[in-house]
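Have a look at protein17.cif; it's mmCIF, C-alpha atoms and all ligand atoms:
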data_model
loop_
_atom_site.label_atom_id
_atom_site.label_comp_id
_atom_site.auth_asym_id
_atom_site.auth_seq_id
_atom_site.Cartn_x
_atom_site.Cartn_y
_atom_site.Cartn_z
CA MET A 1 1.89 -25.35 15.70
CA SER A 2 0.14 -22.32 17.18
CA VAL A 3 1.11 -18.95 15.68
CA ALA A 4 0.58 -15.66 17.52
CA PHE A 5 -0.55 -12.68 15.44
CA ARG A 6 -1.63 -9.09 15.94
CA LYS A 7 -4.46 -7.41 14.10
CA MET A 8 -3.58 -3.80 13.21
CA HIS A 9 -4.79 -1.13 10.80
CA GLY A 10 -3.84 2.15 9.19
CA LEU A 11 -6.93 4.31 8.59
CA GLY A 12 -9.08 1.17 8.35
CA ASN A 13 -6.78 -0.66 5.89
CA ASP A 14 -6.34 -3.75 8.07
CA PHE A 15 -3.54 -6.27 8.54
CA ILE A 16 -2.69 -9.53 10.20
CA VAL A 17 0.87 -9.01 11.48
CA ILE A 18 2.89 -12.16 12.24
CA ASP A 19 6.22 -11.63 13.95
CA ALA A 20 8.40 -14.55 12.85
CA ARG A 21 11.69 -13.16 14.12
CA PRO A 22 13.79 -15.11 16.65
CA LEU A 23 12.71 -14.20 20.22
CA SER A 24 9.25 -13.16 18.99
CA GLY A 25 7.66 -16.21 20.64
CA ASN A 26 6.81 -17.65 17.21
CA GLY A 27 9.18 -20.00 15.43
CA PRO A 28 9.84 -19.44 11.72
CA VAL A 29 6.42 -19.19 10.01
CA ALA A 30 6.12 -20.57 6.47
CA MET A 31 3.83 -18.51 4.26
CA SER A 32 2.39 -19.32 0.85
CA ALA A 33 -0.22 -17.67 -1.36
CA ALA A 34 -2.76 -20.33 -0.33
CA ARG A 35 -2.14 -19.88 3.41
CA ALA A 36 -2.13 -16.06 3.16
CA ALA A 37 -5.39 -16.02 1.18
CA ALA A 38 -7.08 -18.42 3.62
CA LEU A 39 -6.01 -16.34 6.64
CA ALA A 40 -7.14 -13.12 4.90
CA GLU A 41 -10.58 -14.53 4.03
CA ARG A 42 -13.10 -12.60 6.17
CA ARG A 43 -15.83 -15.26 6.47
CA THR A 44 -13.73 -18.38 7.06
CA GLY A 45 -10.32 -17.08 8.17
CA ILE A 46 -9.18 -14.19 10.37
CA GLY A 47 -9.79 -11.51 7.75
CA CYS A 48 -7.60 -8.66 6.50
CA ASP A 49 -6.62 -6.60 3.46
CA GLN A 50 -2.93 -7.52 3.80
CA LEU A 51 -1.01 -10.14 5.74
CA ILE A 52 2.42 -9.06 7.02
CA VAL A 53 5.22 -11.41 8.07
CA LEU A 54 8.19 -9.94 9.96
CA GLU A 55 11.44 -11.84 9.49
CA PRO A 56 15.08 -11.19 10.41
CA SER A 57 17.06 -9.13 7.90
CA THR A 58 20.79 -9.10 7.26
CA GLU A 59 20.61 -5.55 5.83
CA ALA A 60 17.99 -3.81 7.96
CA ASP A 61 16.38 -3.97 11.40
CA VAL A 62 13.60 -6.14 10.05
CA ARG A 63 12.37 -7.69 6.83
CA MET A 64 8.68 -7.14 6.06
CA ARG A 65 6.89 -9.51 3.68
CA ILE A 66 3.54 -8.31 2.34
CA PHE A 67 0.73 -10.51 1.01
CA ASN A 68 -2.48 -9.15 -0.51
CA ALA A 69 -5.84 -10.71 0.43
CA ASP A 70 -5.71 -12.83 -2.76
CA GLY A 71 -2.41 -14.34 -1.55
CA SER A 72 -0.12 -12.48 -3.97
CA GLU A 73 3.17 -11.35 -2.42
CA VAL A 74 3.85 -7.69 -3.24
CA GLU A 75 6.54 -5.08 -2.89
CA ALA A 76 5.04 -2.32 -0.76
CA CYS A 77 2.28 -1.32 1.64
CA GLY A 78 2.40 2.18 3.09
CA ASN A 79 -0.19 1.72 5.81
CA ALA A 80 1.34 -1.55 7.02
CA THR A 81 4.78 0.05 7.09
CA ARG A 82 3.45 2.72 9.47
CA ALA A 83 1.79 -0.01 11.56
CA VAL A 84 5.04 -2.00 11.77
CA GLY A 85 7.01 1.20 12.47
CA MET A 86 4.66 2.01 15.34
CA LEU A 87 4.75 -1.58 16.64
CA LEU A 88 8.56 -1.74 16.71
CA GLY A 89 8.93 1.88 17.91
CA GLY A 90 11.80 4.35 17.54
CA ALA A 91 13.63 4.47 14.21
CA GLN A 92 13.61 1.33 12.06
CA ARG A 93 15.11 0.34 8.73
CA ILE A 94 12.62 -1.96 7.03
CA GLU A 95 13.59 -4.22 4.13
CA THR A 96 10.79 -4.86 1.62
CA LEU A 97 10.64 -6.33 -1.89
CA GLY A 98 10.07 -2.74 -3.11
CA GLY A 99 13.18 -1.34 -1.42
CA MET A 100 14.65 -0.22 1.89
CA LEU A 101 12.31 1.98 3.95
CA ALA A 102 12.96 4.04 7.09
CA SER A 103 10.27 4.59 9.71
CA THR A 104 10.16 6.83 12.76
CA ALA A 105 7.43 6.18 15.30
CA THR A 106 5.24 9.15 16.21
CA ALA A 107 2.48 9.48 18.82
CA GLY A 108 -0.21 7.19 17.40
CA GLY A 109 1.52 6.30 14.16
CA ALA A 110 4.70 6.75 12.15
CA SER A 111 6.50 8.78 9.51
CA VAL A 112 7.97 6.61 6.78
CA ASP A 113 10.54 7.44 4.14
CA MET A 114 9.00 5.41 1.31
CA GLY A 115 11.98 5.82 -1.04
CA PRO A 116 12.03 7.36 -4.51
CA ALA A 117 9.21 7.59 -7.05
CA ARG A 118 9.94 6.03 -10.44
CA PHE A 119 8.24 7.31 -13.60
CA GLY A 120 9.77 5.33 -16.50
CA TRP A 121 7.16 3.31 -18.44
CA ASP A 122 9.25 0.18 -17.98
CA GLU A 123 9.73 0.91 -14.26
CA ILE A 124 6.00 1.02 -13.47
CA PRO A 125 5.85 -1.31 -15.50
CA LEU A 126 3.68 -0.70 -18.58
CA ALA A 127 3.48 -3.07 -21.53
CA TYR A 128 4.82 -0.47 -23.98
CA ALA A 129 6.42 2.97 -24.05
CA MET A 130 4.35 6.10 -23.46
CA ASP A 131 4.32 9.39 -21.56
CA THR A 132 3.50 8.28 -18.01
CA LEU A 133 2.47 11.75 -16.79
CA HIS A 134 -0.25 12.11 -19.44
CA MET A 135 -1.10 8.61 -20.61
CA PRO A 136 -3.04 8.54 -23.88
CA VAL A 137 -5.41 5.82 -22.67
CA GLY A 138 -8.86 5.63 -21.11
CA TRP A 139 -11.55 3.33 -19.75
CA GLU A 140 -15.05 4.79 -20.24
CA GLU A 141 -15.14 8.16 -18.41
CA LEU A 142 -11.72 7.60 -16.81
CA GLU A 143 -9.11 9.08 -19.16
CA ASN A 144 -5.62 10.60 -19.32
CA PRO A 145 -4.21 9.03 -16.13
CA ALA A 146 -0.67 9.27 -14.78
CA ALA A 147 1.39 6.36 -13.47
CA VAL A 148 4.18 5.94 -10.96
CA ASN A 149 5.97 3.18 -9.11
CA VAL A 150 6.36 4.04 -5.41
CA GLY A 151 7.63 0.56 -4.55
CA ASN A 152 4.50 -0.83 -6.19
CA PRO A 153 2.66 0.20 -9.38
CA HIS A 154 -0.09 2.82 -9.37
CA VAL A 155 -2.20 4.53 -12.00
CA VAL A 156 -4.11 7.65 -10.90
CA PHE A 157 -6.98 9.46 -12.64
CA PHE A 158 -7.57 13.10 -11.66
CA VAL A 159 -11.31 13.69 -11.80
CA PRO A 160 -13.67 16.48 -10.68
CA ASP A 161 -15.30 14.29 -8.00
CA ALA A 162 -13.52 11.11 -6.86
CA ASP A 163 -16.55 10.04 -4.83
CA ALA A 164 -18.75 10.01 -7.96
CA VAL A 165 -16.61 7.38 -9.75
CA ASP A 166 -17.85 3.77 -9.64
CA LEU A 167 -14.41 2.37 -8.83
CA ALA A 168 -15.88 -0.97 -7.74
CA ARG A 169 -16.88 -1.51 -11.38
CA LEU A 170 -13.96 0.07 -13.29
CA GLY A 171 -11.19 -0.77 -10.80
CA PRO A 172 -10.97 -4.49 -11.59
CA VAL A 173 -11.12 -3.80 -15.34
CA ILE A 174 -8.15 -1.41 -15.17
CA GLU A 175 -6.23 -3.50 -12.60
CA THR A 176 -6.13 -6.46 -14.99
CA ASP A 177 -5.73 -4.57 -18.30
CA PRO A 178 -2.83 -5.99 -20.37
CA LEU A 179 -1.28 -2.49 -20.33
CA PHE A 180 -0.12 -3.40 -16.80
CA PRO A 181 1.85 -6.67 -17.00
CA GLU A 182 2.15 -6.85 -13.18
CA LYS A 183 -1.41 -5.53 -12.70
CA VAL A 184 -1.86 -2.14 -11.03
CA ASN A 185 -3.37 -0.27 -8.09
CA VAL A 186 -6.00 2.17 -9.39
CA GLY A 187 -6.62 5.58 -7.79
CA VAL A 188 -9.17 8.31 -8.52
CA ALA A 189 -8.26 11.67 -7.04
CA SER A 190 -9.85 15.12 -6.88
CA VAL A 191 -8.11 18.37 -6.03
CA THR A 192 -10.02 19.82 -3.06
CA GLY A 193 -7.64 22.65 -2.07
CA PRO A 194 -4.22 24.16 -2.88
CA SER A 195 -2.51 21.26 -1.05
CA HIS A 196 -5.43 18.86 -0.65
CA LEU A 197 -6.54 15.75 -2.51
CA ARG A 198 -9.45 13.39 -2.04
CA LEU A 199 -8.59 9.83 -3.06
CA SER A 200 -10.19 6.41 -3.46
CA VAL A 201 -8.14 3.35 -4.38
CA TRP A 202 -8.97 0.02 -5.93
CA GLU A 203 -6.08 -2.07 -4.64
CA ARG A 204 -4.45 -4.74 -6.76
CA GLY A 205 -5.14 -8.13 -5.22
CA VAL A 206 -7.66 -6.77 -2.72
CA GLY A 207 -10.33 -4.40 -4.09
CA LEU A 208 -11.65 -1.20 -2.53
CA THR A 209 -9.96 -0.43 0.79
CA ARG A 210 -10.59 2.27 3.42
CA ALA A 211 -7.12 3.68 2.72
CA CYS A 212 -4.00 2.97 0.68
CA GLY A 213 -0.74 4.53 1.88
CA THR A 214 1.20 3.94 -1.32
CA GLY A 215 -1.88 5.15 -3.24
CA ALA A 216 -1.71 8.40 -1.28
CA CYS A 217 2.02 8.71 -2.09
CA ALA A 218 1.32 8.05 -5.78
CA ALA A 219 -1.56 10.55 -6.01
CA ALA A 220 0.38 13.27 -4.18
CA VAL A 221 3.55 12.84 -6.25
CA LEU A 222 1.62 12.82 -9.53
CA ALA A 223 -0.50 15.85 -8.53
CA LEU A 224 2.73 17.69 -7.65
CA ARG A 225 4.29 16.70 -10.99
CA ARG A 226 1.21 17.99 -12.82
CA ARG A 227 1.33 21.16 -10.70
CA LEU A 228 -2.23 20.61 -9.49
CA VAL A 229 -1.18 21.19 -5.85
CA THR A 230 1.74 22.46 -3.80
CA GLY A 231 3.37 20.33 -1.11
CA PRO A 232 3.21 18.94 1.46
CA VAL A 233 -0.05 17.35 0.37
CA ARG A 234 -2.86 16.25 2.66
CA VAL A 235 -4.56 13.24 1.07
CA GLU A 236 -8.06 12.52 2.39
CA LEU A 237 -8.99 8.84 2.03
CA PRO A 238 -12.30 7.21 3.05
CA GLY A 239 -10.59 6.13 6.32
CA GLY A 240 -8.95 9.49 7.06
CA PRO A 241 -6.02 11.73 6.07
CA LEU A 242 -2.33 11.16 5.34
CA GLU A 243 0.37 13.80 4.92
CA ILE A 244 2.74 13.33 1.97
CA ALA A 245 5.89 15.35 1.30
CA TRP A 246 7.98 14.97 -1.87
CA GLU A 247 10.27 17.04 -4.03
CA PRO A 248 11.52 16.05 -7.49
CA GLY A 249 14.59 13.86 -7.19
CA GLY A 250 13.89 13.18 -3.50
CA THR A 251 12.21 10.43 -1.56
CA ILE A 252 8.58 10.35 -0.39
CA LEU A 253 7.79 11.03 3.26
CA MET A 254 4.42 9.69 4.43
CA THR A 255 3.07 10.56 7.90
CA GLY A 256 -0.09 9.25 9.51
CA PRO A 257 -1.71 7.10 12.15
CA ALA A 258 -1.70 3.37 12.80
CA ALA A 259 -3.52 1.34 15.43
CA PHE A 260 -3.48 -1.99 17.21
CA SER A 261 -6.84 -3.85 17.19
CA PHE A 262 -6.35 -7.18 18.98
CA ALA A 263 -4.02 -10.15 19.41
CA GLY A 264 -4.80 -13.81 18.75
CA THR A 265 -3.43 -17.15 17.65
CA PHE A 266 -4.16 -19.60 14.83
CA ASP A 267 -3.17 -23.18 14.23
CA GLU A 268 -0.92 -23.70 11.19
CA ASP A 269 -2.66 -27.02 10.47
CA ASP A 270 -5.94 -25.16 9.82
CA TYR A 271 -4.26 -23.16 7.03
CA PRO A 272 -2.33 -25.58 4.77
CA LEU A 273 0.55 -24.30 2.67
N1 LIG A 301 -2.69 -1.12 1.33
C1 LIG A 301 -1.46 -0.78 0.78
C2 LIG A 301 -1.03 -1.34 -0.54
C3 LIG A 301 -0.92 -2.85 -0.51
C4 LIG A 301 -0.32 -3.48 -1.75
C5 LIG A 301 -1.11 -3.27 -3.01
N2 LIG A 301 -2.44 -3.81 -2.93
C6 LIG A 301 -0.35 -3.86 -4.19
O1 LIG A 301 -0.75 -4.92 -4.69
O2 LIG A 301 0.63 -3.26 -4.61
C7 LIG A 301 -0.90 0.54 1.17
O3 LIG A 301 -1.30 1.05 2.23
O4 LIG A 301 0.00 1.03 0.50
#
Here is a file; write its structure as structure tokens.
Amino acid sequence: MSVAFRKMHGLGNDFIVIDARPLSGNGPVAMSAARAAALAERRTGIGCDQLIVLEPSTEADVRMRIFNADGSEVEACGNATRAVGMLLGGAQRIETLGGMLASTATAGGASVDMGPARFGWDEIPLAYAMDTLHMPVGWEELENPAAVNVGNPHVVFFVPDADAVDLARLGPVIETDPLFPEKVNVGVASVTGPSHLRLSVWERGVGLTRACGTGACAAAVLALRRRLVTGPVRVELPGGPLEIAWEPGGTILMTGPAAFSFAGTFDEDDYPL
């Protein structure tokens, strides 16, 4: 069976988007970790950081399933939520494993209400109790991080120069540390102005990406909690900037661009479940 897909990206964080809703032109599309990983593979498949499957929802306008490049199904993806919000247009309620999101399409992108930030050690989750705003842990020169769950788990290190950190080396070590029973997305952030951060992210299940929307939400919320910046926060990622607004007790509003790259088809038989 031939499956139609779109290739999209948010600040260079790229996605295969498969619309598997009735009337989409595709029938129901079965997805597994093996099929998602094979499609995401850049040399032998189509290639992407995340694979997105849109399905009907009984509670929202659409259900969005998110698979990392390694095939793992995860709870949240900020950049893909903007891409889907832009694709569907208008105002959309989007059901994800991480919670119910609300997107509003803008010219060239979307604003997304990403829901609340959760700070409890068991909500992130961590393996044992500790202060999640000043964590008494470290990996070589990366020390004293903060953690938050913004739909998915993030740990963020505030450093003098985010670009000077070898995240390709330390990222996978921290991602898979037993402190994080569900693994973790790893950010390094520098304060570059009163409301400005520079951020790089080692994504769980992917590696270094050009941008991570939930990573930007996590870094902004944690920098605000530590009073390193005032909001709204402009987070500069390797692929470009995102605007993040949050107040304690409220939900996170992320605004930024998304883009369509091309459309194509693949044959399900070439990507076994
Ligand atoms: N690229 C994303 C995050 C995707 C999921 C993440 N790798 C995880 O495993 O939680 C974004 O834009 O937020």
As a quick test: using only C-alpha atoms and all ligand atoms, which residues lie no more than 7 Å away from ligand LIG 301 (chain A)? Give them as a VMD selection string. chain A and resid 13 50 68 74 to 80 152 to 153 184 to 185 203 to 206 211 to 215
Restricting the output to C-alpha atoms, write the selected residues as a PDB file, keeping the file's coordinate frame.
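Heads up, here's the output in selection.pdb:
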ATOM      1  CA  ASN A  13      -6.780  -0.660   5.890  1.00  0.00           C
ATOM      2  CA  GLN A  50      -2.930  -7.520   3.800  1.00  0.00           C
ATOM      3  CA  ASN A  68      -2.480  -9.150  -0.510  1.00  0.00           C
ATOM      4  CA  VAL A  74       3.850  -7.690  -3.240  1.00  0.00           C
ATOM      5  CA  GLU A  75       6.540  -5.080  -2.890  1.00  0.00           C
ATOM      6  CA  ALA A  76       5.040  -2.320  -0.760  1.00  0.00           C
ATOM      7  CA  CYS A  77       2.280  -1.320   1.640  1.00  0.00           C
ATOM      8  CA  GLY A  78       2.400   2.180   3.090  1.00  0.00           C
ATOM      9  CA  ASN A  79      -0.190   1.720   5.810  1.00  0.00           C
ATOM     10  CA  ALA A  80       1.340  -1.550   7.020  1.00  0.00           C
ATOM     11  CA  ASN A 152       4.500  -0.830  -6.190  1.00  0.00           C
ATOM     12  CA  PRO A 153       2.660   0.200  -9.380  1.00  0.00           C
ATOM     13  CA  VAL A 184      -1.860  -2.140 -11.030  1.00  0.00           C
ATOM     14  CA  ASN A 185      -3.370  -0.270  -8.090  1.00  0.00           C
ATOM     15  CA  GLU A 203      -6.080  -2.070  -4.640  1.00  0.00           C
ATOM     16  CA  ARG A 204      -4.450  -4.740  -6.760  1.00  0.00           C
ATOM     17  CA  GLY A 205      -5.140  -8.130  -5.220  1.00  0.00           C
ATOM     18  CA  VAL A 206      -7.660  -6.770  -2.720  1.00  0.00           C
ATOM     19  CA  ALA A 211      -7.120   3.680   2.720  1.00  0.00           C
ATOM     20  CA  CYS A 212      -4.000   2.970   0.680  1.00  0.00           C
ATOM     21  CA  GLY A 213      -0.740   4.530   1.880  1.00  0.00           C
ATOM     22  CA  THR A 214       1.200   3.940  -1.320  1.00  0.00           C
ATOM     23  CA  GLY A 215      -1.880   5.150  -3.240  1.00  0.00           C
TER      24      GLY A 215
END
Fewer than 2 positions away in the same chain doesn't count, so skip those; otherwise give me all residues within 9 Å of Met1 of chain A, counting all atoms listed in the file, as a PyMOL selection string. chain A and resi 3+266-269
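If only C-alpha atoms are the atoms counted, then among A:Thr104, A:Asn26, A:Asn149, A:Thr96 the closest residue to Trp121 of chain A is A:Asn149.
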So which residues touch Ala127 of chain A within 9 Å, counting only C-alpha atoms, skipping near sequence neighbours fewer than 6 positions away, as a VMD selection string? chain A and resid 121 178 to 181
Between A:Ala110, A:Val159, A:Leu126, A:Leu237, single out the one closest to Gly90 of chain A, counting all atoms listed in the file. A:Ala110
Out of A:Glu141, A:Glu123, A:Asp113, A:Glu95, which residue has the shortest atom-to-atom distance to Phe158 of chain A when counting all atoms listed in the file?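 Smallest separation from Phe158 of chain A among the options: A:Glu141.
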Given 4 Å on each side, where is the centre and what are the edge lengths in Å to one decimal of the axis-aligned box enclosing the listed atoms of segment 194-207 of chain A, as JSON?
{"center_x": -6.4, "center_y": 8.0, "center_z": -3.7, "size_x": 15.8, "size_y": 40.3, "size_z": 14.1}
Of the candidates A:Ser190, A:Ser57, A:Ser72, A:Ser195, which shows the shortest atom-to-atom distance to Val229 of chain A, using all atoms listed in the file? A:Ser195
Considering all atoms listed in the file, state which residue in the set A:Arg6, A:Glu59, A:Ala146, A:Leu170 is at the smallest distance from Gly120 of chain A. A:Ala146
What is the distance, in Å and to one decimal place, between atom CA of Thr81 of chain A and atom CA of Gly25 of chain A?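 Atom CA of Gly25 of chain A lies 21.4 Å from atom CA of Thr81 of chain A.
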Looking at A:Gly47, A:Pro160, A:Pro257, A:Gly109, which one is nearest to Val17 of chain A, with distances taken over all atoms listed in the file? A:Gly47
Determine, counting only C-alpha atoms, which protein, DNA and RNA residues have an atom within 10 Å of an atom of Thr132 of chain A; residues of the same chain fewer than 3 positions away are not included. Present the result as number ranges by chain. A: 119-122, 124, 126, 129, 135-136, 144-148, 155, 222
Write out the residues from the selection above, keeping C-alpha atoms, as an mmCIF file, in the frame of the given file.
data_model
loop_
_atom_site.group_PDB
_atom_site.id
_atom_site.type_symbol
_atom_site.label_atom_id
_atom_site.label_comp_id
_atom_site.auth_asym_id
_atom_site.auth_seq_id
_atom_site.Cartn_x
_atom_site.Cartn_y
_atom_site.Cartn_z
ATOM 1 C CA PHE A 119 8.240 7.310 -13.600
ATOM 2 C CA GLY A 120 9.770 5.330 -16.500
ATOM 3 C CA TRP A 121 7.160 3.310 -18.440
ATOM 4 C CA ASP A 122 9.250 0.180 -17.980
ATOM 5 C CA ILE A 124 6.000 1.020 -13.470
ATOM 6 C CA LEU A 126 3.680 -0.700 -18.580
ATOM 7 C CA ALA A 129 6.420 2.970 -24.050
ATOM 8 C CA MET A 135 -1.100 8.610 -20.610
ATOM 9 C CA PRO A 136 -3.040 8.540 -23.880
ATOM 10 C CA ASN A 144 -5.620 10.600 -19.320
ATOM 11 C CA PRO A 145 -4.210 9.030 -16.130
ATOM 12 C CA ALA A 146 -0.670 9.270 -14.780
ATOM 13 C CA ALA A 147 1.390 6.360 -13.470
ATOM 14 C CA VAL A 148 4.180 5.940 -10.960
ATOM 15 C CA VAL A 155 -2.200 4.530 -12.000
ATOM 16 C CA LEU A 222 1.620 12.820 -9.530
#
Separating atom CA of Gly138 of chain A from atom CA of Phe67 of chain A, to the nearest tenth of an Å, is a gap of 29.0 Å
Would you compute the distance between atom CA of Arg169 of chain A and atom CA of Gly239 of chain A? Give it in Å to one decimal. 20.3 Å
Please provide the set of residues having any atom within 10 Å of Met100 of chain A, restricted to all atoms listed in the file, with same-chain residues fewer than 5 positions apart removed, written as an MDAnalysis selection string. chainID A and resid 59:60 63 93:95 113:115 151
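Residue neighbourhood of Tyr271 of chain A, excluding near-sequence residues (fewer than 4 positions): Met1, Ser2, Val3, Val29, Ala30, Met31, Ser32, Ala33, Ala34, Arg35, Ala36, Ala37, Ala38, Leu39, Ala40, Glu41, Thr44, Gly45, Ile46, Phe266 and Asp267 of chain A, at 12 Å, using only C-alpha atoms.
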Take the residues from that selection and put them in a file with C-alpha atoms, as an mmCIF file, keeping the file's coordinate frame.
data_model
loop_
_atom_site.group_PDB
_atom_site.id
_atom_site.type_symbol
_atom_site.label_atom_id
_atom_site.label_comp_id
_atom_site.auth_asym_id
_atom_site.auth_seq_id
_atom_site.Cartn_x
_atom_site.Cartn_y
_atom_site.Cartn_z
ATOM 1 C CA MET A 1 1.890 -25.350 15.700
ATOM 2 C CA SER A 2 0.140 -22.320 17.180
ATOM 3 C CA VAL A 3 1.110 -18.950 15.680
ATOM 4 C CA VAL A 29 6.420 -19.190 10.010
ATOM 5 C CA ALA A 30 6.120 -20.570 6.470
ATOM 6 C CA MET A 31 3.830 -18.510 4.260
ATOM 7 C CA SER A 32 2.390 -19.320 0.850
ATOM 8 C CA ALA A 33 -0.220 -17.670 -1.360
ATOM 9 C CA ALA A 34 -2.760 -20.330 -0.330
ATOM 10 C CA ARG A 35 -2.140 -19.880 3.410
ATOM 11 C CA ALA A 36 -2.130 -16.060 3.160
ATOM 12 C CA ALA A 37 -5.390 -16.020 1.180
ATOM 13 C CA ALA A 38 -7.080 -18.420 3.620
ATOM 14 C CA LEU A 39 -6.010 -16.340 6.640
ATOM 15 C CA ALA A 40 -7.140 -13.120 4.900
ATOM 16 C CA GLU A 41 -10.580 -14.530 4.030
ATOM 17 C CA THR A 44 -13.730 -18.380 7.060
ATOM 18 C CA GLY A 45 -10.320 -17.080 8.170
ATOM 19 C CA ILE A 46 -9.180 -14.190 10.370
ATOM 20 C CA PHE A 266 -4.160 -19.600 14.830
ATOM 21 C CA ASP A 267 -3.170 -23.180 14.230
#
Please return, as a list in words, all polymer residues that have at least one atom within 7 Å of the point (7.6, -11.7, 12.0); use all atoms listed in the file and the file's own coordinate frame. Ile18, Asp19, Ala20, Arg21, Val53, Leu54 and Glu55 of chain A
